[in-house]
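Here is protein10.txt, consisting of compact mmCIF, C-alpha atoms (C1' of nucleotides):
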# COMPACT_ATOMS: atom_id res chain seq x y z
CA MET V 11 7.54 32.14 -10.18
CA PRO V 12 8.54 30.64 -13.52
CA ARG V 13 8.01 26.98 -14.18
CA ARG V 14 11.18 24.94 -14.58
CA LYS V 15 11.84 21.94 -16.67
CA PRO V 16 11.95 18.98 -14.32
CA PRO V 17 15.34 17.25 -13.99
CA ALA V 18 15.96 14.15 -16.04
CA LEU V 19 14.91 10.96 -14.34
CA LYS V 20 17.50 8.54 -13.14
CA HIS V 21 15.30 5.61 -12.29
CA PRO V 22 14.60 4.62 -15.89
CA THR V 23 18.29 3.96 -16.44
CA LEU V 24 18.03 0.30 -15.68
CA SER V 25 19.91 -0.49 -18.85
CA PRO V 26 23.70 -0.36 -19.01
CA ALA V 27 25.58 2.72 -20.14
CA PRO V 28 25.91 3.24 -23.89
CA GLY V 29 28.73 1.16 -25.26
CA ALA V 30 28.71 -1.02 -22.22
CA ARG V 31 29.34 -4.71 -22.59
CA PRO V 32 29.17 -7.52 -20.12
CA LEU V 33 32.46 -8.37 -18.45
CA ARG V 34 32.61 -11.49 -20.54
CA ALA V 35 30.11 -13.52 -22.42
CA HIS V 36 28.55 -16.18 -20.27
CA ASP V 37 25.30 -17.95 -19.64
CA HIS V 38 24.03 -15.72 -16.92
CA THR V 39 21.11 -17.95 -16.07
CA HIS V 40 23.71 -20.25 -14.53
CA CYS V 41 24.94 -17.49 -12.27
CA VAL V 42 21.42 -16.85 -11.08
CA ALA V 43 20.56 -20.49 -10.67
CA ASP V 44 23.74 -21.17 -8.74
CA ALA V 45 23.17 -18.18 -6.52
CA LEU V 46 19.63 -19.20 -5.71
CA ALA V 47 20.67 -22.77 -5.03
CA ALA V 48 23.41 -21.58 -2.72
CA ALA V 49 20.93 -19.31 -0.98
CA GLU V 50 18.47 -22.15 -0.46
CA ALA V 51 21.22 -24.28 0.93
CA ARG V 52 22.53 -21.62 3.25
CA CYS V 53 19.10 -20.73 4.56
CA GLY V 54 18.19 -24.38 4.95
CA GLU V 55 21.19 -24.87 7.23
CA SER V 56 20.70 -21.78 9.29
CA GLY V 57 16.93 -22.02 9.57
CA ALA V 58 16.54 -18.58 7.99
CA GLN V 59 13.45 -18.22 5.84
CA LEU V 60 14.10 -17.48 2.20
CA THR V 61 10.57 -16.21 1.57
CA PRO V 62 9.23 -15.47 -1.92
CA ILE V 63 9.95 -11.76 -1.62
CA ARG V 64 13.47 -12.32 -0.37
CA ARG V 65 14.10 -14.88 -3.05
CA ARG V 66 12.79 -12.58 -5.73
CA VAL V 67 14.90 -9.67 -4.49
CA LEU V 68 17.97 -11.88 -4.56
CA GLU V 69 17.09 -12.88 -8.11
CA LEU V 70 16.81 -9.23 -9.09
CA VAL V 71 20.13 -8.41 -7.45
CA TRP V 72 21.58 -11.17 -9.57
CA SER V 73 19.91 -9.91 -12.74
CA SER V 74 23.31 -8.63 -13.80
CA HIS V 75 26.84 -8.38 -12.49
CA ALA V 76 26.45 -4.68 -11.94
CA PRO V 77 25.38 -3.40 -8.53
CA ILE V 78 21.68 -2.57 -8.46
CA GLY V 79 20.03 0.16 -6.42
CA ALA V 80 17.25 -0.51 -3.95
CA TYR V 81 14.84 1.65 -5.93
CA ASP V 82 15.59 -0.21 -9.15
CA ILE V 83 14.65 -3.39 -7.36
CA LEU V 84 11.58 -1.63 -6.03
CA ALA V 85 10.53 -0.61 -9.53
CA ARG V 86 10.94 -4.08 -10.98
CA LEU V 87 9.19 -5.69 -8.07
CA GLY V 88 6.37 -3.21 -8.46
CA GLN V 89 5.90 -4.08 -12.12
CA GLU V 90 5.31 -7.67 -11.18
CA THR V 91 3.30 -7.54 -8.03
CA GLY V 92 1.72 -4.13 -7.86
CA LYS V 93 2.77 -1.35 -5.56
CA VAL V 94 5.67 -2.19 -3.28
CA GLN V 95 6.98 0.10 -0.58
CA PRO V 96 10.64 0.90 0.09
CA PRO V 97 10.76 -0.82 3.48
CA THR V 98 9.82 -4.12 1.87
CA VAL V 99 12.86 -3.97 -0.36
CA TYR V 100 15.21 -2.64 2.28
CA ARG V 101 14.14 -5.36 4.70
CA ALA V 102 14.77 -8.04 2.14
CA LEU V 103 18.17 -6.54 1.35
CA GLU V 104 19.02 -6.38 5.02
CA PHE V 105 18.12 -10.03 5.41
CA LEU V 106 20.14 -11.09 2.39
CA LYS V 107 23.12 -9.13 3.58
CA ALA V 108 22.88 -10.65 7.05
CA GLN V 109 22.88 -14.09 5.43
CA GLY V 110 25.97 -13.21 3.44
CA LEU V 111 24.11 -13.56 0.15
CA ILE V 112 24.69 -10.02 -1.08
CA HIS V 113 27.15 -7.20 -0.53
CA ARG V 114 26.57 -3.50 -0.41
CA ILE V 115 28.75 -1.32 -2.66
CA GLU V 116 29.22 1.82 -0.62
CA SER V 117 30.56 3.99 -3.39
CA ARG V 118 27.46 3.26 -5.45
CA ASN V 119 24.74 2.97 -2.81
CA ALA V 120 23.86 -0.30 -4.45
CA PHE V 121 23.88 -4.05 -3.94
CA ILE V 122 25.42 -7.02 -5.65
CA GLY V 123 25.15 -10.77 -5.29
CA CYS V 124 27.86 -12.50 -3.35
CA ALA V 125 29.88 -14.86 -5.46
CA GLN V 126 30.99 -17.05 -2.54
CA PRO V 127 28.10 -17.15 -0.09
CA GLU V 128 29.40 -20.41 1.37
CA ALA V 129 32.07 -18.67 3.39
CA ALA V 130 31.05 -15.64 5.39
CA HIS V 131 33.21 -12.76 4.30
CA GLU V 132 33.31 -9.14 3.34
CA GLY V 133 33.77 -8.38 -0.30
CA GLN V 134 36.43 -6.39 -2.07
CA PHE V 135 35.43 -5.16 -5.48
CA LEU V 136 36.64 -4.04 -8.86
CA LEU V 137 34.07 -1.72 -10.37
CA CYS V 138 34.02 -0.74 -14.03
CA ARG V 139 33.05 2.87 -14.55
CA SER V 140 31.95 2.17 -18.09
CA CYS V 141 29.80 -0.95 -18.02
CA GLY V 142 29.12 -0.83 -14.30
CA ASP V 143 30.02 -4.44 -13.71
CA ALA V 144 31.59 -5.43 -10.44
CA ALA V 145 34.03 -8.26 -9.90
CA GLU V 146 34.67 -9.62 -6.46
CA LEU V 147 38.30 -9.76 -5.38
CA LEU V 148 39.87 -12.20 -3.02
CA ALA V 149 42.35 -10.05 -1.20
CA ASP V 150 42.73 -11.76 2.14
CA LYS V 151 46.47 -11.20 2.39
CA THR V 152 46.19 -7.56 1.49
CA LEU V 153 43.41 -7.06 3.98
CA ALA V 154 45.45 -8.76 6.62
CA ALA V 155 48.21 -6.26 5.93
CA LEU V 156 45.76 -3.41 6.38
CA ASP V 157 44.52 -4.94 9.61
CA ARG V 158 48.08 -5.23 10.90
CA GLN V 159 48.64 -1.60 10.11
CA ALA V 160 45.47 -0.67 11.98
CA THR V 161 46.45 -2.84 14.92
CA ALA V 162 49.82 -1.16 15.07
CA LEU V 163 47.96 2.11 15.51
CA GLY V 164 45.88 0.63 18.30
CA TYR V 165 42.70 0.17 16.32
CA THR V 166 40.39 -2.79 16.29
CA VAL V 167 38.98 -3.40 12.82
CA GLU V 168 35.48 -4.78 12.49
CA HIS V 169 34.41 -3.96 8.94
CA ARG V 170 36.26 -3.28 5.74
CA THR V 171 35.24 -1.43 2.61
CA VAL V 172 37.54 -1.91 -0.35
CA GLU V 173 36.30 -0.78 -3.74
CA LEU V 174 38.54 -0.11 -6.72
CA GLU V 175 37.06 1.74 -9.64
CA GLY V 176 38.42 1.73 -13.15
CA LEU V 177 37.95 -0.02 -16.46
CA CYS V 178 37.36 -3.69 -16.95
CA PRO V 179 39.28 -5.49 -19.72
CA ARG V 180 36.40 -5.45 -22.18
CA CYS V 181 35.70 -1.76 -21.76
CA GLN V 182 39.37 -0.91 -22.21
CA ASP V 183 39.27 -2.70 -25.53
CA ALA V 184 35.99 -1.12 -26.51
CA ALA V 185 36.94 2.50 -25.81
CA PRO V 186 40.70 2.89 -26.13
CA MET C 184 -6.06 7.65 8.75
CA PRO C 185 -4.38 7.82 12.16
CA ARG C 186 -1.72 10.37 12.83
CA ARG C 187 1.74 8.93 13.32
CA LYS C 188 4.49 10.06 15.57
CA PRO C 189 7.13 11.65 13.35
CA PRO C 190 10.51 9.88 13.18
CA ALA C 191 13.31 11.21 15.28
CA LEU C 192 15.39 13.87 13.64
CA LYS C 193 18.94 13.12 12.63
CA HIS C 194 20.18 16.57 11.73
CA PRO C 195 20.41 17.86 15.30
CA THR C 196 23.02 15.22 16.12
CA LEU C 197 25.97 17.44 15.41
CA SER C 198 27.54 16.48 18.70
CA PRO C 199 29.56 13.30 19.12
CA ALA C 200 27.99 10.07 20.34
CA PRO C 201 27.57 9.72 24.10
CA GLY C 202 30.79 8.59 25.66
CA ALA C 203 32.76 9.68 22.66
CA ARG C 204 36.16 11.17 23.16
CA PRO C 205 38.58 12.75 20.75
CA LEU C 206 41.16 10.36 19.35
CA ARG C 207 43.73 12.07 21.47
CA ALA C 208 43.95 15.36 23.23
CA HIS C 209 45.38 18.06 21.04
CA ASP C 210 45.09 21.71 20.24
CA HIS C 211 42.66 21.43 17.42
CA THR C 212 42.96 25.06 16.42
CA HIS C 213 46.38 24.11 15.11
CA CYS C 214 44.89 21.46 12.87
CA VAL C 215 42.47 23.98 11.45
CA ALA C 216 45.05 26.70 11.04
CA ASP C 217 47.47 24.34 9.34
CA ALA C 218 44.79 23.05 7.03
CA LEU C 219 43.73 26.53 6.01
CA ALA C 220 47.30 27.63 5.48
CA ALA C 221 47.95 24.58 3.31
CA ALA C 222 44.78 25.30 1.38
CA GLU C 223 45.80 28.90 0.76
CA ALA C 224 49.19 27.74 -0.42
CA ARG C 225 47.81 25.08 -2.69
CA CYS C 226 45.23 27.37 -4.25
CA GLY C 227 47.78 30.12 -4.61
CA GLU C 228 49.98 27.83 -6.66
CA SER C 229 47.25 26.41 -8.83
CA GLY C 230 45.38 29.65 -9.33
CA ALA C 231 42.21 28.14 -7.90
CA GLN C 232 40.08 30.59 -5.95
CA LEU C 233 39.65 29.82 -2.28
CA THR C 234 36.60 32.05 -1.91
CA PRO C 235 35.06 32.91 1.47
CA ILE C 236 32.40 30.25 1.14
CA ARG C 237 34.87 27.58 0.15
CA ARG C 238 37.20 28.61 2.90
CA ARG C 239 34.43 28.52 5.45
CA VAL C 240 33.23 25.11 4.28
CA LEU C 241 36.77 23.80 4.60
CA GLU C 242 36.93 25.24 8.10
CA LEU C 243 33.68 23.49 8.99
CA VAL C 244 34.92 20.20 7.56
CA TRP C 245 37.91 20.63 9.84
CA SER C 246 35.77 21.45 12.86
CA SER C 247 36.52 17.95 14.10
CA HIS C 248 38.36 14.83 13.02
CA ALA C 249 35.08 13.08 12.36
CA PRO C 250 33.60 13.12 8.87
CA ILE C 251 30.87 15.72 8.55
CA GLY C 252 27.79 15.49 6.37
CA ALA C 253 26.95 18.05 3.72
CA TYR C 254 23.73 18.95 5.49
CA ASP C 255 25.49 19.50 8.79
CA ILE C 256 27.72 21.96 7.00
CA LEU C 257 24.65 23.48 5.44
CA ALA C 258 23.02 23.95 8.83
CA ARG C 259 26.06 25.60 10.38
CA LEU C 260 26.60 27.81 7.41
CA GLY C 261 22.95 28.79 7.55
CA GLN C 262 23.23 29.83 11.18
CA GLU C 263 25.94 32.27 10.28
CA THR C 264 24.90 33.73 7.00
CA GLY C 265 21.19 33.16 6.65
CA LYS C 266 19.58 30.63 4.40
CA VAL C 267 21.99 28.57 2.32
CA GLN C 268 20.94 26.07 -0.34
CA PRO C 269 22.35 22.57 -0.77
CA PRO C 270 24.02 23.29 -4.12
CA THR C 271 26.15 25.97 -2.51
CA VAL C 272 27.58 23.45 -0.10
CA TYR C 273 27.94 20.65 -2.60
CA ARG C 274 29.71 22.92 -5.02
CA ALA C 275 32.16 24.02 -2.38
CA LEU C 276 32.76 20.40 -1.39
CA GLU C 277 33.29 19.44 -5.00
CA PHE C 278 35.85 22.20 -5.38
CA LEU C 279 37.69 21.25 -2.22
CA LYS C 280 37.77 17.63 -3.24
CA ALA C 281 39.10 18.52 -6.68
CA GLN C 282 41.87 20.51 -4.99
CA GLY C 283 42.73 17.53 -2.81
CA LEU C 284 41.80 19.42 0.34
CA ILE C 285 39.13 17.03 1.54
CA HIS C 286 38.19 13.41 1.11
CA ARG C 287 34.78 11.84 0.87
CA ILE C 288 34.06 8.92 3.18
CA GLU C 289 31.82 6.70 1.09
CA SER C 290 30.61 4.49 3.88
CA ARG C 291 29.38 7.55 5.77
CA ASN C 292 28.27 9.87 2.98
CA ALA C 293 30.41 12.48 4.64
CA PHE C 294 33.56 14.51 4.23
CA ILE C 295 36.79 14.95 6.09
CA GLY C 296 39.77 17.23 5.80
CA CYS C 297 42.82 15.87 4.08
CA ALA C 298 45.79 15.60 6.37
CA GLN C 299 48.38 15.77 3.59
CA PRO C 300 47.02 18.13 0.96
CA GLU C 301 50.54 18.80 -0.33
CA ALA C 302 50.69 15.53 -2.20
CA ALA C 303 47.72 14.61 -4.31
CA HIS C 304 46.46 11.28 -3.14
CA GLU C 305 43.45 9.24 -2.27
CA GLY C 306 42.87 8.56 1.37
CA GLN C 307 42.54 5.30 3.23
CA PHE C 308 40.77 5.58 6.52
CA LEU C 309 40.31 4.10 9.93
CA LEU C 310 36.88 5.01 11.21
CA CYS C 311 35.84 4.68 14.83
CA ARG C 312 32.25 3.53 15.19
CA SER C 313 32.07 4.96 18.69
CA CYS C 314 33.49 8.47 18.56
CA GLY C 315 33.20 8.82 14.80
CA ASP C 316 36.74 10.03 14.35
CA ALA C 317 38.61 9.15 11.22
CA ALA C 318 42.34 8.65 10.91
CA GLU C 319 44.01 8.72 7.56
CA LEU C 320 46.18 5.74 6.75
CA LEU C 321 49.24 5.69 4.58
CA ALA C 322 48.90 2.37 2.85
CA ASP C 323 50.74 2.85 -0.40
CA LYS C 324 52.30 -0.59 -0.42
CA THR C 325 49.04 -2.29 0.31
CA LEU C 326 47.28 -0.30 -2.36
CA ALA C 327 49.99 -1.21 -4.80
CA ALA C 328 49.33 -4.86 -4.01
CA LEU C 329 45.64 -4.36 -4.73
CA ASP C 330 46.45 -2.61 -7.97
CA ARG C 331 48.71 -5.46 -9.02
CA GLN C 332 45.91 -7.89 -8.33
CA ALA C 333 43.55 -5.79 -10.43
CA THR C 334 46.08 -5.50 -13.22
CA ALA C 335 46.53 -9.26 -13.24
CA LEU C 336 42.80 -9.50 -13.90
CA GLY C 337 43.09 -7.05 -16.76
CA TYR C 338 41.62 -4.06 -14.96
CA THR C 339 42.83 -0.50 -14.95
CA VAL C 340 42.35 1.11 -11.55
CA GLU C 341 41.57 4.80 -11.38
CA HIS C 342 40.08 5.34 -7.93
CA ARG C 343 40.33 3.50 -4.66
CA THR C 344 38.04 3.42 -1.68
CA VAL C 345 39.53 1.86 1.43
CA GLU C 346 37.71 2.38 4.71
CA LEU C 347 38.22 0.26 7.80
CA GLU C 348 35.67 0.60 10.57
CA GLY C 349 36.23 -0.40 14.16
CA LEU C 350 37.24 1.08 17.47
CA CYS C 351 39.95 3.61 18.02
CA PRO C 352 42.35 3.10 20.96
CA ARG C 353 40.62 5.58 23.23
CA CYS C 354 37.17 4.13 22.66
CA GLN C 355 38.45 0.60 23.33
CA ASP C 356 39.71 1.80 26.68
CA ALA C 357 36.56 3.74 27.40
CA ALA C 358 34.10 0.92 26.69
CA PRO C 359 35.85 -2.39 27.28
C1' DG P 234 -9.85 -26.46 18.10
C1' DT P 235 -8.34 -22.38 20.13
C1' DC P 236 -4.96 -19.53 21.94
C1' DT P 237 -0.71 -17.24 21.67
C1' DG P 238 3.75 -15.47 20.34
C1' DG P 239 6.82 -14.19 16.98
C1' DG P 240 8.50 -13.44 12.34
C1' DA P 241 7.30 -11.47 7.93
C1' DT P 242 5.02 -8.16 5.39
C1' DG P 243 1.97 -3.97 4.55
C1' DC P 244 1.67 0.74 4.90
C1' DT P 245 2.06 5.78 6.00
C1' DA P 246 4.94 9.22 6.62
C1' DT P 247 9.10 11.34 6.76
C1' DG P 248 14.04 11.87 7.16
C1' DT P 249 18.44 12.27 4.64
C1' DT P 250 21.56 12.92 0.73
C1' DA P 251 22.35 14.87 -3.88
C1' DT P 252 21.78 17.17 -8.46
C1' DA P 253 19.73 19.60 -12.69
C1' DG P 254 18.96 23.90 -14.80
C1' DC P 255 18.65 28.53 -15.17
C1' DA P 256 19.36 33.44 -13.14
C1' DT P 257 22.42 36.84 -11.33
C1' DC P 258 26.52 39.14 -10.14
C1' DG P 259 31.07 40.91 -10.30
C1' DA P 260 35.89 40.95 -11.59
C1' DA P 261 39.11 40.83 -15.56
C1' DC P 262 39.96 42.10 -19.98
C1' DG P 263 39.97 44.58 -24.12
C1' DC G 80 31.48 50.14 -22.19
C1' DG G 81 30.55 45.58 -23.32
C1' DT G 82 31.85 40.75 -23.27
C1' DT G 83 33.14 36.71 -20.98
C1' DC G 84 33.62 33.55 -17.47
C1' DG G 85 33.72 31.69 -12.88
C1' DA G 86 31.15 31.83 -8.58
C1' DT G 87 27.03 32.00 -6.25
C1' DG G 88 21.83 32.22 -5.70
C1' DC G 89 17.72 29.82 -6.17
C1' DT G 90 13.83 26.58 -7.28
C1' DA G 91 12.57 22.24 -7.70
C1' DT G 92 13.02 17.55 -7.50
C1' DA G 93 15.51 13.18 -7.76
C1' DA G 94 17.48 9.53 -5.23
C1' DC G 95 18.39 6.91 -1.06
C1' DA G 96 16.81 5.23 3.53
C1' DT G 97 14.22 4.38 7.98
C1' DA G 98 10.75 4.83 12.02
C1' DG G 99 6.68 3.07 13.89
C1' DC G 100 2.57 0.82 14.01
C1' DA G 101 -0.97 -2.55 11.76
C1' DT G 102 -1.92 -6.98 9.97
C1' DC G 103 -1.35 -11.62 8.74
C1' DC G 104 -0.06 -16.23 9.18
C1' DC G 105 1.93 -20.19 11.03
C1' DA G 106 3.97 -23.25 14.53
C1' DG G 107 3.62 -24.87 18.94
C1' DA G 108 1.17 -25.00 23.49
C1' DC G 109 -2.86 -26.20 25.73
Turn the structure described in the file into structure tokens.
Amino acid sequence: MPRRKPPALKHPTLSPAPGARPLRAHDHTHCVADALAAAEARCGESGAQLTPIRRRVLELVWSSHAPIGAYDILARLGQETGKVQPPTVYRALEFLKAQGLIHRIESRNAFIGCAQPEAAHEGQFLLCRSCGDAAELLADKTLAALDRQATALGYTVEHRTVELEGLCPRCQDAAP
Amino acid sequence: MPRRKPPALKHPTLSPAPGARPLRAHDHTHCVADALAAAEARCGESGAQLTPIRRRVLELVWSSHAPIGAYDILARLGQETGKVQPPTVYRALEFLKAQGLIHRIESRNAFIGCAQPEAAHEGQFLLCRSCGDAAELLADKTLAALDRQATALGYTVEHRTVELEGLCPRCQDAAP
DNA sequence: GTCTGGGATGCTATGTTATAGCATCGAACG
DNA sequence: CGTTCGATGCTATAACATAGCATCCCAGAC
């Protein structure tokens, strides 16, 4: 039985793809601060407990505008606090999602901070295949049209997944 | 170190959920036969090889109108032909998807036969959370509206994932 | 102060989905 | 016959996710 070369790791790829650039230059600490403030507010109202772990996971989800995988969060959390187990992260993510503070990106098996946590909603997303960034769409009218179509077929719609993948403006300019 | 009870298996759940019913009564052998005929035709034109394995995987994907997981296919294929490895199945699925013969349902990590393989297209789906069936939507206008929205934001859209989950008409009647 | 109940977290183990990398085989072609 | 190329076989492992029970801690009851 010959020994094989082990496959390349994926976990270390926390950094963006080569050539990737952020969607646009901005002071990202504001994004994070705003998100955390909104989370505090929302949890304060609802009585939900934004514990240190949950808060820290939310912060890590907000570490960029690209969706982040649960195991990336796990790795970062582990660097800070010693060994962390998957259920810890998944439970925090589940909580944050239930509070409307994050969304799950199905086509990426990853999570992203919700830009409008004030209003409960499902997200629709534009995903850049180059830099990985995700932008949240507001597509209420379009969704309503889809719902009408479903209703016409006799369906009741409870959840919606809408994810559009392509190139963001910056990455189009960068790699024409 | 105490011994734990092992988690329940998921693989054996090839059968539909309790209380599930097909979307509507129909002669499903026709669906399968039509799909295979269309696949033959399409591959004949394009010169792609619909090999026995690929054909059989397509048949298994079409075994119901519910999305089927790669490992369910693997299990069934294994029953027939002896041990089969995951790459065999994934490669067949990749081929079928490239030919436009199946779609991947992102929110389920599963695959479903394409109802209109003649015209290359991406699918939009209505998924029933009770019986698991998926119906393919034709939502060109709605998609165009989403694309316009993306374009207005400077994005180029290459792929679209639209999946609506809820209850199909039969399951609404069955469990009111 | 002690008891108690429930939410949060710790922890072990395992289930589930997916891919890399190289070997082998067989048909098509010259 | 030998080369080439697409399909499949095969090993190993990465990557994603959850079940089930133990422990801890705090708020409220008594």
*Using all atoms listed in the file: which of P:DC236, P:DA251, P:DA241, P:DA246 has the shortest distance to chain V*: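 With all atoms listed in the file as the atom set, the closest residue is P:DA241.
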*Hey, what's within 12 Å of DT237 of chain P if we count all atoms listed in the file and toss same-chain stuff fewer than 5 positions away? As an MDAnalysis selection string, please?*
chainID G and resid 105:109
*asked:* Based on only C-alpha atoms, which of the residues in chain C come within 12 Å of chain V? I want them as a ChimeraX atom specification.
replied: /C:206,287-293,305-313,316-356,359
*Identify, on the basis of only C-alpha atoms (C1' of nucleotides), every residue whose closest approach to DC103 of chain G does not exceed 12 Å; exclude the query and any residue fewer than 4 positions from it along the same chain; express the result as an MDAnalysis selection string.*
chainID P and resid 239:243
_If I take atom C1' of DT257 of chain P and atom CA of Gln282 of chain C, how far is one from the other in Å, to one decimal?_
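Atom CA of Gln282 of chain C lies at a distance of 26.2 Å from atom C1' of DT257 of chain P.
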_Ref. answer, residues at most 7 Å from (21.2, 0.1, -7.0) with only C-alpha atoms (C1' of nucleotides), as a list in words_ =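 Looking at atoms near the point gives Pro77, Ile78, Gly79, Ala80, Tyr81, Asp82, Asn119, Ala120 and Phe121 of chain V.
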*Counting all atoms listed in the file, which residues of chain P come no farther than 8 Å from chain V, as a PyMOL selection string?*
chain P and resi 242+244+253-254
Which centre and which edge lengths, in Å to one decimal, describe the axis-aligned box that holds all listed atoms of segment 236-252 of chain P after 3 Å is added on each side, as lines of an AutoDock Vina configuration file?
center_x = 8.7
center_y = -1.2
center_z = 6.7
size_x = 33.3
size_y = 42.7
size_z = 36.4
_Using only C-alpha atoms (C1' of nucleotides) for the distances, tell me which of C:Ala249, C:Ala281, C:Ala224, C:Leu233 is nearest to chain G._
C:Leu233
*Could you write out as a count of residues only the residues of chain G within 12 Å of chain C, counting all atoms listed in the file?*
13
